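Printed here is final.csv (CSV, C-alpha atoms):
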chain,number,residue,atom,x,y,z
A,1,MET,CA,103.4,123.1,104.4
A,2,LYS,CA,105.2,119.9,103.6
A,3,ARG,CA,108.7,119.2,105.0
A,4,THR,CA,111.4,118.5,102.6
A,5,ALA,CA,113.3,115.2,102.5
A,6,VAL,CA,116.3,116.9,104.1
A,7,GLU,CA,114.3,118.2,107.0
A,8,ARG,CA,112.7,114.8,107.6
A,9,PHE,CA,116.1,113.1,107.5
A,10,SER,CA,117.5,115.7,109.9
A,11,LEU,CA,114.7,115.2,112.4
A,12,ARG,CA,115.0,111.4,112.3
A,13,GLY,CA,118.7,111.6,112.9
A,14,ALA,CA,118.2,113.9,115.9
A,15,TRP,CA,115.6,111.5,117.3
A,16,ASP,CA,117.9,108.5,116.8
A,17,THR,CA,120.7,110.3,118.5
A,18,LEU,CA,118.4,111.2,121.5
A,19,VAL,CA,117.3,107.6,121.8
A,20,ILE,CA,120.9,106.3,121.7
A,21,LEU,CA,121.9,108.9,124.3
A,22,LEU,CA,119.0,107.9,126.6
A,23,LEU,CA,120.0,104.2,126.2
A,24,LEU,CA,123.6,105.0,127.1
A,25,ILE,CA,122.5,106.9,130.1
A,26,ALA,CA,120.2,104.0,131.2
A,27,ILE,CA,122.9,101.4,130.7
A,28,GLY,CA,125.3,103.6,132.7
A,29,CYS,CA,122.8,104.0,135.6
A,30,LEU,CA,122.1,100.3,135.5
A,31,SER,CA,125.8,99.4,135.5
A,32,TYR,CA,126.4,101.7,138.4
A,33,TYR,CA,123.5,100.3,140.4
A,34,VAL,CA,124.6,96.7,139.7
A,35,GLN,CA,128.1,97.5,140.8
A,36,LYS,CA,127.0,99.2,144.0
A,37,HIS,CA,124.4,96.6,144.9
A,38,ALA,CA,126.0,93.5,143.3
A,39,THR,CA,126.3,91.6,146.6
A,40,GLY,CA,122.7,92.3,147.5
A,41,LEU,CA,121.4,91.2,144.2
A,42,LEU,CA,123.4,87.9,144.2
A,43,THR,CA,122.3,87.1,147.7
A,44,TRP,CA,118.6,87.9,147.2
A,45,PRO,CA,116.5,86.7,148.9
A,46,ARG,CA,118.5,86.9,152.0
A,47,VAL,CA,118.3,84.3,154.8
A,48,GLU,CA,116.9,86.0,157.9
A,49,ARG,CA,116.3,82.9,160.0
A,50,VAL,CA,118.1,79.5,160.6
A,51,ARG,CA,116.2,76.9,162.5
A,52,VAL,CA,118.3,74.0,164.0
A,53,GLU,CA,116.6,71.0,165.5
A,54,GLY,CA,118.0,67.8,166.9
A,55,ASN,CA,121.0,66.9,169.0
A,56,LEU,CA,124.0,69.1,168.5
A,57,ARG,CA,126.9,68.6,170.9
A,58,PRO,CA,128.6,71.7,172.4
A,59,ALA,CA,132.0,70.5,171.1
A,60,ASP,CA,130.8,71.0,167.5
A,61,TYR,CA,128.8,74.2,168.0
A,62,GLU,CA,131.3,76.8,166.8
A,63,VAL,CA,132.4,74.9,163.7
A,64,PHE,CA,128.7,74.0,162.9
A,65,LYS,CA,127.8,77.7,163.2
A,66,SER,CA,130.7,78.9,160.9
A,67,ILE,CA,129.7,76.3,158.2
A,68,VAL,CA,126.1,77.4,158.2
A,69,VAL,CA,126.9,81.1,158.2
A,70,ALA,CA,129.2,80.6,155.1
A,71,HIS,CA,126.3,78.9,153.2
A,72,VAL,CA,123.5,81.3,154.2
A,73,SER,CA,125.6,84.3,153.2
A,74,LYS,CA,125.1,83.2,149.5
A,75,GLY,CA,121.4,83.8,149.7
A,76,LEU,CA,118.5,81.4,150.0
A,77,LEU,CA,118.3,80.3,146.4
A,78,ARG,CA,122.1,79.7,146.1
A,79,ILE,CA,122.4,77.4,149.1
A,80,SER,CA,123.4,73.9,148.1
A,81,THR,CA,121.7,71.8,150.7
A,82,SER,CA,123.6,68.7,149.7
A,83,ARG,CA,126.9,70.3,150.1
A,84,LEU,CA,125.9,71.9,153.4
A,85,GLU,CA,124.8,68.5,154.7
A,86,MET,CA,128.0,66.9,153.5
A,87,GLU,CA,130.2,69.4,155.3
A,88,LEU,CA,128.2,69.2,158.5
A,89,GLU,CA,128.3,65.4,158.6
A,90,LYS,CA,132.1,65.6,158.7
A,91,LEU,CA,131.9,67.0,162.2
A,92,PRO,CA,132.8,64.2,164.8
A,93,TRP,CA,129.5,64.3,166.8
A,94,VAL,CA,127.2,64.7,163.8
A,95,TYR,CA,125.8,61.5,162.3
A,96,ARG,CA,123.2,62.7,159.8
A,97,VAL,CA,121.9,66.1,158.7
A,98,GLN,CA,118.8,67.1,156.7
A,99,SER,CA,118.4,70.7,155.5
A,100,ARG,CA,115.8,72.5,153.4
A,101,ARG,CA,115.0,76.0,152.2
A,102,SER,CA,111.8,77.5,153.5
A,103,TRP,CA,110.4,80.5,151.5
A,104,PRO,CA,110.9,83.3,151.8
A,105,ASP,CA,113.8,83.7,154.2
A,106,THR,CA,114.4,80.6,156.3
A,107,LEU,CA,116.9,77.7,156.3
A,108,GLU,CA,115.9,74.6,158.4
A,109,VAL,CA,118.5,72.2,159.6
A,110,THR,CA,117.8,68.9,161.4
A,111,VAL,CA,120.7,67.2,163.2
A,112,GLN,CA,121.0,63.6,164.3
A,113,GLY,CA,123.9,63.3,166.7
A,114,GLN,CA,126.2,60.4,167.2
A,115,ASP,CA,125.1,57.9,169.9
A,116,PRO,CA,128.2,56.0,171.1
A,117,ILE,CA,127.8,52.5,172.5
A,118,ALA,CA,131.5,51.6,172.9
A,119,ARG,CA,135.0,52.9,172.7
A,120,TRP,CA,137.2,52.1,169.7
A,121,GLY,CA,140.7,51.7,170.9
A,122,LYS,CA,142.1,54.6,172.9
A,123,SER,CA,140.9,57.5,170.8
A,124,GLY,CA,137.7,56.5,169.0
A,125,LEU,CA,134.1,55.8,169.7
A,126,MET,CA,131.6,53.4,167.9
A,127,ASN,CA,127.9,54.0,167.3
A,128,GLU,CA,125.2,51.3,167.3
A,129,LYS,CA,125.7,50.7,163.5
A,130,GLY,CA,129.4,49.8,164.0
A,131,GLU,CA,130.6,53.1,162.5
A,132,ILE,CA,133.6,54.7,164.1
A,133,PHE,CA,134.2,58.4,164.8
A,134,PHE,CA,137.0,60.3,166.5
A,135,PRO,CA,136.1,63.2,168.7
A,136,LYS,CA,138.7,65.4,170.3
A,137,SER,CA,138.4,63.6,173.6
A,138,VAL,CA,136.9,60.3,174.8
A,139,ASP,CA,137.8,61.0,178.5
A,140,SER,CA,134.1,61.0,179.5
A,141,TYR,CA,133.6,57.5,178.1
A,142,THR,CA,136.2,55.4,179.9
A,143,ALA,CA,133.5,53.4,181.6
A,144,MET,CA,132.2,52.1,178.2
A,145,PRO,CA,133.4,48.7,176.8
A,146,MET,CA,136.2,48.8,174.3
A,147,LEU,CA,136.4,47.2,170.9
A,148,TYR,CA,139.3,47.2,168.5
A,149,GLY,CA,140.4,45.6,165.3
A,150,ASP,CA,140.3,46.3,161.5
A,151,GLU,CA,138.0,49.3,161.0
A,152,ALA,CA,136.5,47.6,157.9
A,153,ARG,CA,135.3,44.8,160.2
A,154,ALA,CA,133.9,47.1,162.9
A,155,PRO,CA,130.2,46.3,162.0
A,156,LEU,CA,130.9,42.6,162.3
A,157,LEU,CA,132.7,43.1,165.6
A,158,VAL,CA,129.9,45.1,167.1
A,159,ARG,CA,127.4,42.2,166.2
A,160,GLU,CA,129.8,39.7,167.8
A,161,PHE,CA,130.0,41.9,170.9
A,162,GLU,CA,126.2,42.4,171.2
A,163,ASN,CA,125.5,38.7,170.8
A,164,SER,CA,128.1,37.8,173.5
A,165,VAL,CA,126.7,40.4,175.9
A,166,LYS,CA,123.2,38.9,175.6
A,167,SER,CA,124.6,35.4,176.2
A,168,LEU,CA,126.6,36.3,179.3
A,169,GLU,CA,124.0,38.6,180.9
A,170,PRO,CA,122.0,35.8,182.6
A,171,LEU,CA,125.1,34.7,184.4
A,172,GLY,CA,125.7,38.2,185.8
A,173,LEU,CA,128.9,38.5,183.7
A,174,GLN,CA,129.6,41.7,181.9
A,175,LEU,CA,131.7,41.9,178.7
A,176,GLN,CA,134.1,44.8,178.9
A,177,GLY,CA,136.2,44.4,175.7
A,178,LEU,CA,136.5,42.6,172.4
A,179,PHE,CA,139.7,42.7,170.4
A,180,GLU,CA,140.6,41.2,167.1
A,181,ASP,CA,144.2,41.0,165.6
A,182,LYS,CA,145.3,41.1,162.0
A,183,ARG,CA,144.6,37.4,161.6
A,184,HIS,CA,141.0,37.9,162.9
A,185,SER,CA,141.7,36.0,166.1
A,186,LYS,CA,139.5,37.4,168.9
A,187,GLN,CA,140.0,37.9,172.6
A,188,MET,CA,137.3,39.1,175.1
A,189,VAL,CA,137.7,40.7,178.5
A,190,LEU,CA,135.1,40.4,181.2
A,191,SER,CA,134.5,43.2,183.7
A,192,ASN,CA,136.1,41.0,186.4
A,193,GLY,CA,139.3,40.8,184.4
A,194,VAL,CA,138.9,37.3,183.0
A,195,ILE,CA,140.2,36.9,179.5
A,196,LEU,CA,138.3,34.7,177.0
A,197,VAL,CA,140.5,33.6,174.1
A,198,ALA,CA,138.0,32.9,171.3
A,199,GLY,CA,140.4,32.7,168.4
A,200,HIS,CA,138.9,32.2,164.9
A,201,GLY,CA,135.6,30.5,164.0
A,202,ASN,CA,132.1,30.6,165.5
A,203,VAL,CA,132.3,32.8,168.6
A,204,ARG,CA,128.7,32.1,169.6
A,205,LYS,CA,129.5,28.3,170.0
A,206,LYS,CA,132.6,29.1,172.0
A,207,ILE,CA,130.7,31.4,174.4
A,208,ALA,CA,128.1,28.7,174.8
A,209,ARG,CA,130.9,26.3,175.8
A,210,PHE,CA,132.3,28.7,178.3
A,211,ILE,CA,128.8,29.2,179.8
A,212,ALA,CA,128.4,25.4,180.2
A,213,ALA,CA,131.8,25.2,182.0
A,214,TYR,CA,131.0,28.3,184.1
A,215,GLU,CA,127.7,26.8,185.3
A,216,GLN,CA,129.2,23.4,186.0
A,217,PHE,CA,132.4,24.2,187.9
A,218,LEU,CA,134.0,27.6,187.2
A,219,SER,CA,131.4,29.8,188.9
A,220,PRO,CA,132.7,29.3,192.5
A,221,GLN,CA,136.3,29.9,191.5
A,222,ILE,CA,135.8,32.6,188.9
A,223,SER,CA,137.7,35.2,191.0
A,224,GLN,CA,140.8,33.0,190.7
A,225,VAL,CA,140.5,32.5,186.9
A,226,LYS,CA,143.0,34.5,184.8
A,227,LYS,CA,142.2,33.2,181.3
A,228,VAL,CA,140.0,30.7,179.6
A,229,ASP,CA,141.2,29.4,176.2
A,230,LEU,CA,138.2,28.4,174.0
A,231,ARG,CA,140.2,27.6,170.9
A,232,TYR,CA,139.8,23.8,171.4
A,233,THR,CA,137.3,21.9,169.3
A,234,ASN,CA,135.3,20.3,172.1
A,235,GLY,CA,136.8,21.7,175.3
A,236,LEU,CA,138.6,24.6,177.0
A,237,ALA,CA,141.7,25.3,179.1
A,238,VAL,CA,141.8,27.4,182.2
A,239,GLU,CA,144.7,29.5,183.4
A,240,TRP,CA,144.6,30.3,187.0
A,241,LYS,CA,146.0,33.3,188.8
A,242,ASP,CA,147.6,30.9,191.3
A,243,PRO,CA,149.2,27.9,189.5
A,244,GLN,CA,148.9,25.8,192.6
A,245,LEU,CA,145.1,26.3,192.6
A,246,ALA,CA,144.8,24.3,189.4
A,247,GLY,CA,146.2,21.2,191.1
A,248,ASP,CA,144.1,21.7,194.2
A,249,ILE,CA,140.9,22.0,192.2
A,250,GLU,CA,141.7,18.9,190.1
A,251,LEU,CA,142.4,16.9,193.4
A,252,ASP,CA,139.1,18.1,194.9
A,253,ARG,CA,137.2,17.1,191.8
A,254,ALA,CA,138.9,13.7,191.7
A,255,LEU,CA,137.8,13.1,195.3
Take the structure in this file and express it as structure tokens.
Amino acid sequence: MKRTAVERFSLRGAWDTLVILLLLIAIGCLSYYVQKHATGLLTWPRVERVRVEGNLRPADYEVFKSIVVAHVSKGLLRISTSRLEMELEKLPWVYRVQSRRSWPDTLEVTVQGQDPIARWGKSGLMNEKGEIFFPKSVDSYTAMPMLYGDEARAPLLVREFENSVKSLEPLGLQLQGLFEDKRHSKQMVLSNGVILVAGHGNVRKKIARFIAAYEQFLSPQISQVKKVDLRYTNGLAVEWKDPQLAGDIELDRAL
């Protein structure tokens, strides 16, 4: 027996209503599930392991850990490795950081620590590239040589320092400090307390002039020297700890 048009319309309407009802139920269940598990879904896949390699100083450990934890809590795929590296490299004892995501659940972090070669003033340290950083304390590095001047010129100063150290080493003299004022005039301090006033210009030539004077006549009396002024064009001036000694030495040389 054939169904009438009214019956067919009624059955189709009932079916459409059922489908809509089922869709609403499904949407409601999905919405409830998403709300309940939203954090888990956003952080999937979760980071289960963090591998840290390299040189991480104890002074930076706690802050380092808190930064990494904040990033891994977002989930493996949502970690911005560039931002993570940038934040970690702001730590005083961290020089460079490389990080990468390793599927399915691991973050790998490689740390290159700072390697200080000198102090910078009273509160900073300098690495071998002439870059300055300021840890909480430099008390353990008081035996290191000290440099100071305009921070923008730090790479130049470290090169001047290293060149001077190499020139003075054969004489058994150690350079303990290099200081440059606002006019870029330099002074150096030897480990025996002798001050070398280099001023402006070519420091290497002035050190060579001091070496020549040291080998010719200053070496036996170096313990009595207070300051050597190298700012002259072709010579130098010596300031003695005992002013009387200058006259005695000149008399001895004249004889």
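Interatomic distance, CA of Thr81 in chain A to CA of Arg57 in chain A: 21.1 Å.
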* List as a VMD selection string: which residues have an atom within 8 Å of (126.9, 55.4, 165.3), counting only C-alpha atoms? -> chain A and resid 95 114 to 117 126 to 133
* Asked: Restricting the calculation to only C-alpha atoms, which member of A:Ser191, A:Leu84, A:Glu62, A:Val228 is positioned closest to Arg100 in chain A?
  -> A:Leu84
* Which is closest to Gly54 in chain A among A:Leu178, A:Val203, A:Val97, A:Val225, if we use only C-alpha atoms? ->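 Ranked by minimum distance to Gly54 in chain A, first place goes to A:Val97.
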* Check the smallest atom-to-atom distance from each of A:Pro45, A:Ala213, A:Ser73, A:Val68 to Met86 in chain A using only C-alpha atoms, then report the winner. =>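 Of A:Pro45, A:Ala213, A:Ser73, A:Val68, the one nearest Met86 in chain A, counting only C-alpha atoms, is A:Val68.
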* Contacts of Tyr61 in chain A at 12 Å or less, counting all atoms listed in the file, minus same-chain residues fewer than 4 places along, as a PyMOL selection string? -> chain A and resi 52+55-57+65-68+88+91-94+111
Could you save the residues just selected, with C-alpha atoms, as a PDB file, in the frame of the given file?
ATOM      1  CA  VAL A  52     118.300  74.000 164.000  1.00  0.00           C
ATOM      2  CA  ASN A  55     121.000  66.900 169.000  1.00  0.00           C
ATOM      3  CA  LEU A  56     124.000  69.100 168.500  1.00  0.00           C
ATOM      4  CA  ARG A  57     126.900  68.600 170.900  1.00  0.00           C
ATOM      5  CA  LYS A  65     127.800  77.700 163.200  1.00  0.00           C
ATOM      6  CA  SER A  66     130.700  78.900 160.900  1.00  0.00           C
ATOM      7  CA  ILE A  67     129.700  76.300 158.200  1.00  0.00           C
ATOM      8  CA  VAL A  68     126.100  77.400 158.200  1.00  0.00           C
ATOM      9  CA  LEU A  88     128.200  69.200 158.500  1.00  0.00           C
ATOM     10  CA  LEU A  91     131.900  67.000 162.200  1.00  0.00           C
ATOM     11  CA  PRO A  92     132.800  64.200 164.800  1.00  0.00           C
ATOM     12  CA  TRP A  93     129.500  64.300 166.800  1.00  0.00           C
ATOM     13  CA  VAL A  94     127.200  64.700 163.800  1.00  0.00           C
ATOM     14  CA  VAL A 111     120.700  67.200 163.200  1.00  0.00           C
TER      15      VAL A 111
END
* Could you pull out every residue with an atom within 12 Å of (125.4, 83.0, 153.6), file coordinates, counting only C-alpha atoms, and send them as a ChimeraX atom specification? => /A:39-40,42-50,65-80,84,105-107
* Asked: If you count only C-alpha atoms, which residues fall within 10 Å of Gly124 in chain A, apart from same-chain ones fewer than 3 positions away, as number ranges by chain?
  -> A: 116, 118-121, 132-138, 146-148
* Which of these residues is nearest to Phe217 in chain A, using all atoms listed in the file: A:Gln98, A:Val238, A:Asn192, A:Lys182? ->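 With all atoms listed in the file as the atom set, the closest residue is A:Val238.
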Where atoms are lacking, range 220-247 of chain A completed to N, CA and C atoms, as a compact mmCIF listing (two decimals), in the frame of the given file:
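To be explicit, this is the file written out as out26.txt:
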# COMPACT_ATOMS: atom_id res chain seq x y z
N PRO A 220 132.17 29.05 191.19
CA PRO A 220 132.70 29.30 192.50
C PRO A 220 134.10 29.84 192.56
N GLN A 221 134.88 29.51 191.53
CA GLN A 221 136.30 29.90 191.50
C GLN A 221 136.59 31.01 190.48
N ILE A 222 135.57 31.69 189.95
CA ILE A 222 135.80 32.60 188.90
C ILE A 222 136.74 33.76 189.25
N SER A 223 136.78 34.13 190.53
CA SER A 223 137.70 35.20 191.00
C SER A 223 139.14 34.79 190.88
N GLN A 224 139.38 33.47 190.80
CA GLN A 224 140.80 33.00 190.70
C GLN A 224 141.17 32.66 189.25
N VAL A 225 140.25 32.84 188.31
CA VAL A 225 140.50 32.50 186.90
C VAL A 225 141.21 33.75 186.24
N LYS A 226 142.30 33.48 185.54
CA LYS A 226 143.00 34.50 184.80
C LYS A 226 142.58 34.52 183.33
N LYS A 227 142.53 33.33 182.73
CA LYS A 227 142.20 33.20 181.30
C LYS A 227 141.56 31.91 181.00
N VAL A 228 140.62 31.95 180.03
CA VAL A 228 140.00 30.70 179.60
C VAL A 228 140.20 30.65 178.05
N ASP A 229 140.85 29.57 177.63
CA ASP A 229 141.20 29.40 176.20
C ASP A 229 140.09 28.51 175.58
N LEU A 230 139.33 29.09 174.65
CA LEU A 230 138.20 28.40 174.00
C LEU A 230 138.53 27.96 172.59
N ARG A 231 139.79 27.91 172.24
CA ARG A 231 140.20 27.60 170.90
C ARG A 231 140.17 26.08 170.59
N TYR A 232 139.85 25.27 171.58
CA TYR A 232 139.80 23.80 171.40
C TYR A 232 138.49 23.43 170.71
N THR A 233 138.51 22.29 170.04
CA THR A 233 137.30 21.90 169.30
C THR A 233 136.16 21.52 170.19
N ASN A 234 136.42 20.77 171.25
CA ASN A 234 135.30 20.30 172.10
C ASN A 234 135.53 20.64 173.60
N GLY A 235 136.53 21.44 173.91
CA GLY A 235 136.80 21.70 175.30
C GLY A 235 137.33 23.12 175.51
N LEU A 236 138.02 23.30 176.65
CA LEU A 236 138.60 24.60 177.00
C LEU A 236 139.76 24.35 177.95
N ALA A 237 140.61 25.35 178.10
CA ALA A 237 141.70 25.30 179.10
C ALA A 237 141.62 26.52 179.95
N VAL A 238 141.86 26.32 181.23
CA VAL A 238 141.80 27.40 182.20
C VAL A 238 143.15 27.73 182.75
N GLU A 239 143.49 29.00 182.72
CA GLU A 239 144.70 29.50 183.40
C GLU A 239 144.36 30.20 184.63
N TRP A 240 144.91 29.72 185.75
CA TRP A 240 144.60 30.30 187.00
C TRP A 240 145.56 31.36 187.46
N LYS A 241 145.09 32.26 188.30
CA LYS A 241 146.00 33.30 188.80
C LYS A 241 147.06 32.68 189.70
N ASP A 242 146.69 31.68 190.47
CA ASP A 242 147.60 30.90 191.30
C ASP A 242 147.81 29.56 190.69
N PRO A 243 148.97 29.25 190.09
CA PRO A 243 149.20 27.90 189.50
C PRO A 243 148.88 26.77 190.37
N GLN A 244 149.11 26.93 191.67
CA GLN A 244 148.90 25.80 192.60
C GLN A 244 147.40 25.50 192.72
N LEU A 245 146.56 26.51 192.46
CA LEU A 245 145.10 26.30 192.60
C LEU A 245 144.62 25.28 191.57
N ALA A 246 145.25 25.22 190.40
CA ALA A 246 144.80 24.30 189.40
C ALA A 246 144.93 22.85 189.90
N GLY A 247 146.06 22.52 190.57
CA GLY A 247 146.20 21.20 191.10
C GLY A 247 145.26 20.89 192.24
